[in-house]
Amino acid sequence: MLLNCSGCRTPLQLPHGATSIRCALCQAVTHVADPRNAPSPPAHAVAPPPAPTGPWGQPPPPSAHGKKRAVICGISYRHSRHELKGCINDAKCMKYMLMNRFHFPESSIIMLTEEERDPYKIPTKQNLRMAMYWLVQGCQPGDSLVFHYSGHGSQQRNYNGDEADGQDETLCPLDFETQGMIVDDEINVTLVRPLPHGVKLHAIIDACHSGTVLDLPFLCRMDRNGHYVWEDHRPRSGVWTGTSGGEAISFSGCDDHQTSADTAALSKITSTGAMTFCFIQAIEKSQGMMTYGSILTSMRAAIRGTGDSVGGGGPVTSLITMLLTGGSAGGGLRQEPQLTAHEMFDAYAKPFSL
């Protein structure tokens, strides 16, 4: 049973037979009546939204080699002052790559964009939350999960002291101005902590301030020469932000203090998120074994090499260029893709596979 937290309204999964549950985010305790005696569903109870087609209600059945499933979210914020041009393109390109390069079944991919006709596939806060819960629901050893998000990201003040910079990183669903943002603490509780042994999650987050948006314990701090050290980002409070034995690895568009570009400078054809384009390009151009380190260095080199063509579609003013490059009128985009993980590993030796 899923029910909303009585404090922060986050969907919680009630264990079988339990009559109360404590929220990991706000610590509020939500009490429910014994379902055997209740004449109707509890006041806070909600069910995952049904869908006429696709695997929304239940994950696909297991196979001999595990399951592959993905949630892909691209938000353009059409007709608003926050409008982005390339995010739905990003979502379509990611789906194409997952299906054709990594053999993800189309029936096991949830697409959340404004172009979807199913109201439960519009990228609202509630739908995005439900999609994240669906992604990890019932996962088993051998499963490969992918969460891709292309849209706005932001930051807000952290109140529990778990962030070294005092800021929580956030994702901005379509209705964030009325319903609020999704905070990194919730993303970690939903996508990372439940992962059991043998399950692998890859997150590809193309958004501003997204470096540590999954709140994973370790960040691969890489310089321009490809040398790196792992930084320990475990909360000082001692709260566990790792998995339950599985793997969780995230590629993100930029560091927490940086912004990510929505530009035509890379594809030369249409607008895309710089990070998503470079991630797919790094995979498509790879020869031989791909590693996490080789993908990250390839992405960073491509973004640095965008030169003065940021903005796309012809000449741009120096002011627009400076806005897109983070204060520089040349020298490529000023964003540095980041790699975070549940544990430290040799980035140039660990093979990459979805």
# chains A, B, ... in the order shown; residues from 1 in each chain; ligands from 1

$ select_by_dssp --residues "stretch 58-232 of chain A" --states "helix (DSSP H, G or I)" --output "PyMOL selection string"
chain A and resi 87-100+106-108+119-121+125-136+176-179+184-192

$ write_last_selection --atoms "N, CA and C atoms" --output "tab-separated table (two decimals), in the first residue's frame"
chain	number	residue	atom	x	y	z
A	87	CYS	N	15.00	19.84	-24.10
A	87	CYS	CA	14.83	18.74	-23.15
A	87	CYS	C	14.01	17.58	-23.70
A	88	ILE	N	12.98	17.86	-24.48
A	88	ILE	CA	12.20	16.76	-25.07
A	88	ILE	C	13.03	16.05	-26.13
A	89	ASN	N	13.86	16.79	-26.86
A	89	ASN	CA	14.81	16.13	-27.77
A	89	ASN	C	15.72	15.19	-27.01
A	90	ASP	N	16.20	15.65	-25.85
A	90	ASP	CA	17.06	14.80	-25.01
A	90	ASP	C	16.36	13.49	-24.66
A	91	ALA	N	15.10	13.59	-24.24
A	91	ALA	CA	14.35	12.40	-23.83
A	91	ALA	C	14.20	11.42	-24.99
A	92	LYS	N	13.88	11.93	-26.17
A	92	LYS	CA	13.71	11.06	-27.34
A	92	LYS	C	15.03	10.40	-27.73
A	93	CYS	N	16.12	11.16	-27.68
A	93	CYS	CA	17.43	10.59	-28.03
A	93	CYS	C	17.86	9.53	-27.02
A	94	MET	N	17.59	9.78	-25.74
A	94	MET	CA	17.96	8.80	-24.72
A	94	MET	C	17.17	7.51	-24.91
A	95	LYS	N	15.88	7.63	-25.19
A	95	LYS	CA	15.06	6.43	-25.42
A	95	LYS	C	15.59	5.64	-26.61
A	96	TYR	N	15.91	6.34	-27.69
A	96	TYR	CA	16.43	5.67	-28.88
A	96	TYR	C	17.72	4.91	-28.56
A	97	MET	N	18.62	5.55	-27.81
A	97	MET	CA	19.89	4.89	-27.49
A	97	MET	C	19.67	3.67	-26.59
A	98	LEU	N	18.81	3.80	-25.58
A	98	LEU	CA	18.57	2.67	-24.68
A	98	LEU	C	17.99	1.48	-25.43
A	99	MET	N	17.09	1.75	-26.36
A	99	MET	CA	16.46	0.66	-27.09
A	99	MET	C	17.40	0.03	-28.12
A	100	ASN	N	18.15	0.84	-28.84
A	100	ASN	CA	18.93	0.33	-29.96
A	100	ASN	C	20.36	-0.05	-29.60
A	106	GLU	N	10.88	-1.37	-25.30
A	106	GLU	CA	10.11	-0.12	-25.28
A	106	GLU	C	9.01	-0.17	-24.22
A	107	SER	N	8.46	-1.37	-24.00
A	107	SER	CA	7.39	-1.52	-23.01
A	107	SER	C	7.89	-1.33	-21.58
A	108	SER	N	9.20	-1.30	-21.40
A	108	SER	CA	9.78	-1.14	-20.06
A	108	SER	C	10.40	0.24	-19.86
A	119	PRO	N	-2.44	11.43	-19.17
A	119	PRO	CA	-2.25	12.44	-18.11
A	119	PRO	C	-1.28	12.00	-17.03
A	120	TYR	N	-1.11	10.69	-16.86
A	120	TYR	CA	-0.18	10.21	-15.84
A	120	TYR	C	1.27	10.21	-16.33
A	121	LYS	N	1.49	10.57	-17.58
A	121	LYS	CA	2.85	10.65	-18.13
A	121	LYS	C	3.29	12.11	-18.32
A	125	LYS	N	4.95	16.88	-10.51
A	125	LYS	CA	5.68	16.40	-9.33
A	125	LYS	C	5.18	15.02	-8.91
A	126	GLN	N	3.86	14.86	-8.83
A	126	GLN	CA	3.31	13.58	-8.39
A	126	GLN	C	3.64	12.47	-9.38
A	127	ASN	N	3.53	12.74	-10.67
A	127	ASN	CA	3.82	11.71	-11.67
A	127	ASN	C	5.29	11.33	-11.67
A	128	LEU	N	6.17	12.31	-11.49
A	128	LEU	CA	7.60	12.02	-11.44
A	128	LEU	C	7.94	11.20	-10.21
A	129	ARG	N	7.32	11.53	-9.09
A	129	ARG	CA	7.52	10.73	-7.87
A	129	ARG	C	7.07	9.28	-8.09
A	130	MET	N	5.89	9.11	-8.66
A	130	MET	CA	5.37	7.77	-8.88
A	130	MET	C	6.25	6.98	-9.86
A	131	ALA	N	6.78	7.67	-10.87
A	131	ALA	CA	7.66	7.00	-11.82
A	131	ALA	C	8.94	6.52	-11.15
A	132	MET	N	9.49	7.32	-10.25
A	132	MET	CA	10.69	6.90	-9.53
A	132	MET	C	10.41	5.69	-8.65
A	133	TYR	N	9.25	5.67	-8.00
A	133	TYR	CA	8.89	4.52	-7.18
A	133	TYR	C	8.71	3.28	-8.05
A	134	TRP	N	8.07	3.46	-9.21
A	134	TRP	CA	7.89	2.33	-10.12
A	134	TRP	C	9.23	1.74	-10.56
A	135	LEU	N	10.22	2.62	-10.78
A	135	LEU	CA	11.51	2.16	-11.31
A	135	LEU	C	12.18	1.15	-10.40
A	136	VAL	N	12.11	1.36	-9.11
A	136	VAL	CA	12.81	0.46	-8.17
A	136	VAL	C	11.89	-0.59	-7.57
A	176	PHE	N	6.42	22.90	-10.61
A	176	PHE	CA	7.20	23.20	-9.41
A	176	PHE	C	6.82	24.53	-8.77
A	177	GLU	N	6.31	25.47	-9.56
A	177	GLU	CA	5.98	26.78	-8.99
A	177	GLU	C	4.78	26.71	-8.05
A	178	THR	N	3.92	25.71	-8.24
A	178	THR	CA	2.77	25.55	-7.34
A	178	THR	C	2.92	24.36	-6.40
A	179	GLN	N	3.60	23.29	-6.84
A	179	GLN	CA	3.71	22.08	-6.03
A	179	GLN	C	5.06	21.90	-5.36
A	184	ASP	N	16.96	16.54	-3.17
A	184	ASP	CA	17.91	15.43	-3.29
A	184	ASP	C	17.72	14.36	-2.21
A	185	ASP	N	17.31	14.77	-0.99
A	185	ASP	CA	17.08	13.79	0.07
A	185	ASP	C	16.01	12.78	-0.35
A	186	GLU	N	14.94	13.28	-0.94
A	186	GLU	CA	13.86	12.39	-1.37
A	186	GLU	C	14.30	11.49	-2.52
A	187	ILE	N	15.08	12.05	-3.45
A	187	ILE	CA	15.56	11.25	-4.58
A	187	ILE	C	16.43	10.10	-4.07
A	188	ASN	N	17.28	10.40	-3.08
A	188	ASN	CA	18.14	9.37	-2.51
A	188	ASN	C	17.32	8.28	-1.82
A	189	VAL	N	16.34	8.70	-1.01
A	189	VAL	CA	15.49	7.73	-0.30
A	189	VAL	C	14.72	6.86	-1.28
A	190	THR	N	14.28	7.45	-2.39
A	190	THR	CA	13.43	6.73	-3.34
A	190	THR	C	14.22	5.82	-4.28
A	191	LEU	N	15.31	6.35	-4.86
A	191	LEU	CA	16.02	5.63	-5.91
A	191	LEU	C	17.25	4.87	-5.43
A	192	VAL	N	17.91	5.35	-4.41
A	192	VAL	CA	19.22	4.80	-4.05
A	192	VAL	C	19.14	3.79	-2.91

$ residues_around --residues "stretch 273-286 of chain A" --least-positions-apart "6" --cutoff "9 Å" --atoms "only C-alpha atoms" --output "PyMOL selection string"
chain A and resi 85-87+89-91+93-94+97+101+150-151+204-207+251-254+260-267+294-300+302-303+333+335-337

$ closest_residue --among "A:Met344, A:Leu145, A:Cys5, A:Leu174" --to "A:Leu84" --atoms "only C-alpha atoms"
A:Leu174

$ residues_around --residues "stretch 352-354 of chain A" --least-positions-apart "6" --cutoff "9 Å" --atoms "only C-alpha atoms" --output "JSON, numbers by chain"
{"A": [68, 98, 102, 144, 145, 146, 200, 201, 202, 289, 290, 291, 292, 295]}

$ write_last_selection --atoms "all heavy atoms" --output "compact mmCIF listing (two decimals), in the first residue's frame"
# COMPACT_ATOMS: atom_id res chain seq x y z
N LYS A 68 15.51 -4.95 -17.67
CA LYS A 68 15.97 -3.59 -17.97
C LYS A 68 14.75 -2.70 -18.01
O LYS A 68 13.78 -3.01 -18.73
CB LYS A 68 16.70 -3.55 -19.32
CG LYS A 68 18.02 -4.30 -19.32
CD LYS A 68 18.80 -4.02 -20.60
CE LYS A 68 20.19 -4.66 -20.52
NZ LYS A 68 21.06 -4.24 -21.63
N LEU A 98 18.81 3.80 -25.58
CA LEU A 98 18.57 2.67 -24.68
C LEU A 98 17.99 1.48 -25.43
O LEU A 98 18.37 0.33 -25.18
CB LEU A 98 17.63 3.09 -23.55
CG LEU A 98 18.17 4.08 -22.52
CD1 LEU A 98 17.12 4.36 -21.45
CD2 LEU A 98 19.46 3.58 -21.87
N PHE A 102 21.39 -0.56 -26.13
CA PHE A 102 21.44 -1.38 -24.91
C PHE A 102 20.23 -2.31 -24.78
O PHE A 102 20.08 -2.97 -23.76
CB PHE A 102 21.56 -0.47 -23.69
CG PHE A 102 22.85 0.30 -23.65
CD1 PHE A 102 22.87 1.64 -24.02
CD2 PHE A 102 24.04 -0.30 -23.30
CE1 PHE A 102 24.06 2.37 -23.99
CE2 PHE A 102 25.23 0.41 -23.28
CZ PHE A 102 25.24 1.74 -23.63
N SER A 144 18.82 -3.91 -14.41
CA SER A 144 19.51 -2.69 -14.81
C SER A 144 18.48 -1.58 -14.93
O SER A 144 17.55 -1.68 -15.74
CB SER A 144 20.24 -2.88 -16.14
OG SER A 144 20.83 -1.66 -16.57
N LEU A 145 18.62 -0.54 -14.11
CA LEU A 145 17.66 0.55 -14.06
C LEU A 145 18.33 1.84 -14.53
O LEU A 145 19.49 2.10 -14.21
CB LEU A 145 17.14 0.75 -12.63
CG LEU A 145 16.76 -0.52 -11.84
CD1 LEU A 145 16.32 -0.14 -10.43
CD2 LEU A 145 15.66 -1.28 -12.56
N VAL A 146 17.58 2.66 -15.27
CA VAL A 146 18.10 3.95 -15.74
C VAL A 146 17.08 5.04 -15.41
O VAL A 146 15.88 4.88 -15.67
CB VAL A 146 18.37 3.93 -17.26
CG1 VAL A 146 18.68 5.34 -17.76
CG2 VAL A 146 19.52 2.99 -17.58
N LYS A 200 21.62 -2.66 -10.46
CA LYS A 200 22.44 -1.51 -10.86
C LYS A 200 21.54 -0.38 -11.34
O LYS A 200 20.67 -0.58 -12.20
CB LYS A 200 23.41 -1.91 -11.97
CG LYS A 200 24.33 -0.77 -12.43
CD LYS A 200 25.23 -1.22 -13.58
CE LYS A 200 26.22 -2.27 -13.14
NZ LYS A 200 27.18 -2.61 -14.24
N LEU A 201 21.74 0.81 -10.79
CA LEU A 201 21.03 2.01 -11.21
C LEU A 201 22.01 3.00 -11.81
O LEU A 201 23.04 3.30 -11.22
CB LEU A 201 20.33 2.67 -10.02
CG LEU A 201 19.80 4.10 -10.28
CD1 LEU A 201 18.56 4.07 -11.15
CD2 LEU A 201 19.52 4.83 -8.97
N HIS A 202 21.69 3.51 -13.01
CA HIS A 202 22.43 4.62 -13.60
C HIS A 202 21.49 5.81 -13.69
O HIS A 202 20.37 5.68 -14.23
CB HIS A 202 22.94 4.27 -15.00
CG HIS A 202 24.11 3.35 -15.00
ND1 HIS A 202 23.98 1.98 -15.11
CD2 HIS A 202 25.44 3.60 -14.89
CE1 HIS A 202 25.18 1.42 -15.07
NE2 HIS A 202 26.08 2.38 -14.94
N MET A 289 36.36 -1.27 -25.00
CA MET A 289 35.68 -1.23 -23.71
C MET A 289 35.48 0.20 -23.23
O MET A 289 36.42 0.99 -23.19
CB MET A 289 36.49 -2.01 -22.66
CG MET A 289 35.78 -2.11 -21.31
SD MET A 289 36.77 -2.95 -20.05
CE MET A 289 37.99 -1.69 -19.66
N MET A 290 34.25 0.53 -22.87
CA MET A 290 33.96 1.83 -22.27
C MET A 290 34.15 1.73 -20.76
O MET A 290 33.76 0.74 -20.13
CB MET A 290 32.51 2.24 -22.56
CG MET A 290 32.22 2.58 -23.99
SD MET A 290 30.49 3.12 -24.19
CE MET A 290 29.62 1.56 -23.88
N THR A 291 34.73 2.76 -20.17
CA THR A 291 34.83 2.85 -18.72
C THR A 291 34.18 4.15 -18.27
O THR A 291 33.94 5.06 -19.08
CB THR A 291 36.29 2.83 -18.24
OG1 THR A 291 36.95 4.03 -18.68
CG2 THR A 291 37.03 1.61 -18.77
N TYR A 292 33.88 4.24 -16.99
CA TYR A 292 33.27 5.45 -16.47
C TYR A 292 34.21 6.65 -16.63
O TYR A 292 33.77 7.76 -16.94
CB TYR A 292 32.87 5.25 -15.01
CG TYR A 292 31.73 4.27 -14.86
CD1 TYR A 292 31.98 2.90 -14.71
CD2 TYR A 292 30.41 4.70 -14.91
CE1 TYR A 292 30.94 1.99 -14.60
CE2 TYR A 292 29.36 3.81 -14.81
CZ TYR A 292 29.63 2.45 -14.65
OH TYR A 292 28.60 1.55 -14.56
N ILE A 295 34.24 7.82 -20.39
CA ILE A 295 33.02 8.54 -20.75
C ILE A 295 33.05 9.95 -20.17
O ILE A 295 32.73 10.93 -20.85
CB ILE A 295 31.77 7.77 -20.26
CG1 ILE A 295 31.60 6.49 -21.08
CG2 ILE A 295 30.52 8.65 -20.37
CD1 ILE A 295 30.49 5.60 -20.59

$ atom_distance --atom1 "atom CA of A:Val199" --atom2 "atom CA of A:Asp162"
26.3 Å

$ residues_around --residues "A:Arg157" --least-positions-apart "5" --cutoff "7 Å" --atoms "only C-alpha atoms" --output "list of chain:residue names"
A:Gly166, A:Gln167, A:Asp168

$ write_last_selection --atoms "N, CA, C and O atoms" --output "short mmCIF file (atom, residue, chain, number, x, y, z; two decimals), in the first residue's frame"
data_model
loop_
_atom_site.label_atom_id
_atom_site.label_comp_id
_atom_site.auth_asym_id
_atom_site.auth_seq_id
_atom_site.Cartn_x
_atom_site.Cartn_y
_atom_site.Cartn_z
N GLY A 166 25.55 23.90 2.60
CA GLY A 166 24.32 24.44 3.16
C GLY A 166 23.15 24.46 2.20
O GLY A 166 22.11 25.05 2.50
N GLN A 167 23.28 23.80 1.03
CA GLN A 167 22.24 23.82 0.02
C GLN A 167 21.84 22.40 -0.38
O GLN A 167 22.70 21.55 -0.61
N ASP A 168 20.54 22.16 -0.47
CA ASP A 168 20.02 20.94 -1.07
C ASP A 168 19.87 21.16 -2.57
O ASP A 168 19.43 22.23 -3.00
#

$ closest_residue --among "A:Val213, A:Gly293, A:Val183, A:Gly242" --to "A:Asn158" --atoms "only C-alpha atoms"
A:Val183

$ select_by_dssp --residues "stretch 146-179 of chain A" --states "strand (DSSP E)" --output "list in words"
Val146, Phe147, His148, Tyr149, Ser150, Gly153, Ser154, Gln155, Gln156, Arg157, Gln167, Asp168, Glu169, Thr170 and Leu171 of chain A

$ closest_residue --among "A:Ala248, A:Ile75, A:Val29, A:Val229" --to "A:Asp175" --atoms "only C-alpha atoms"
A:Ile75
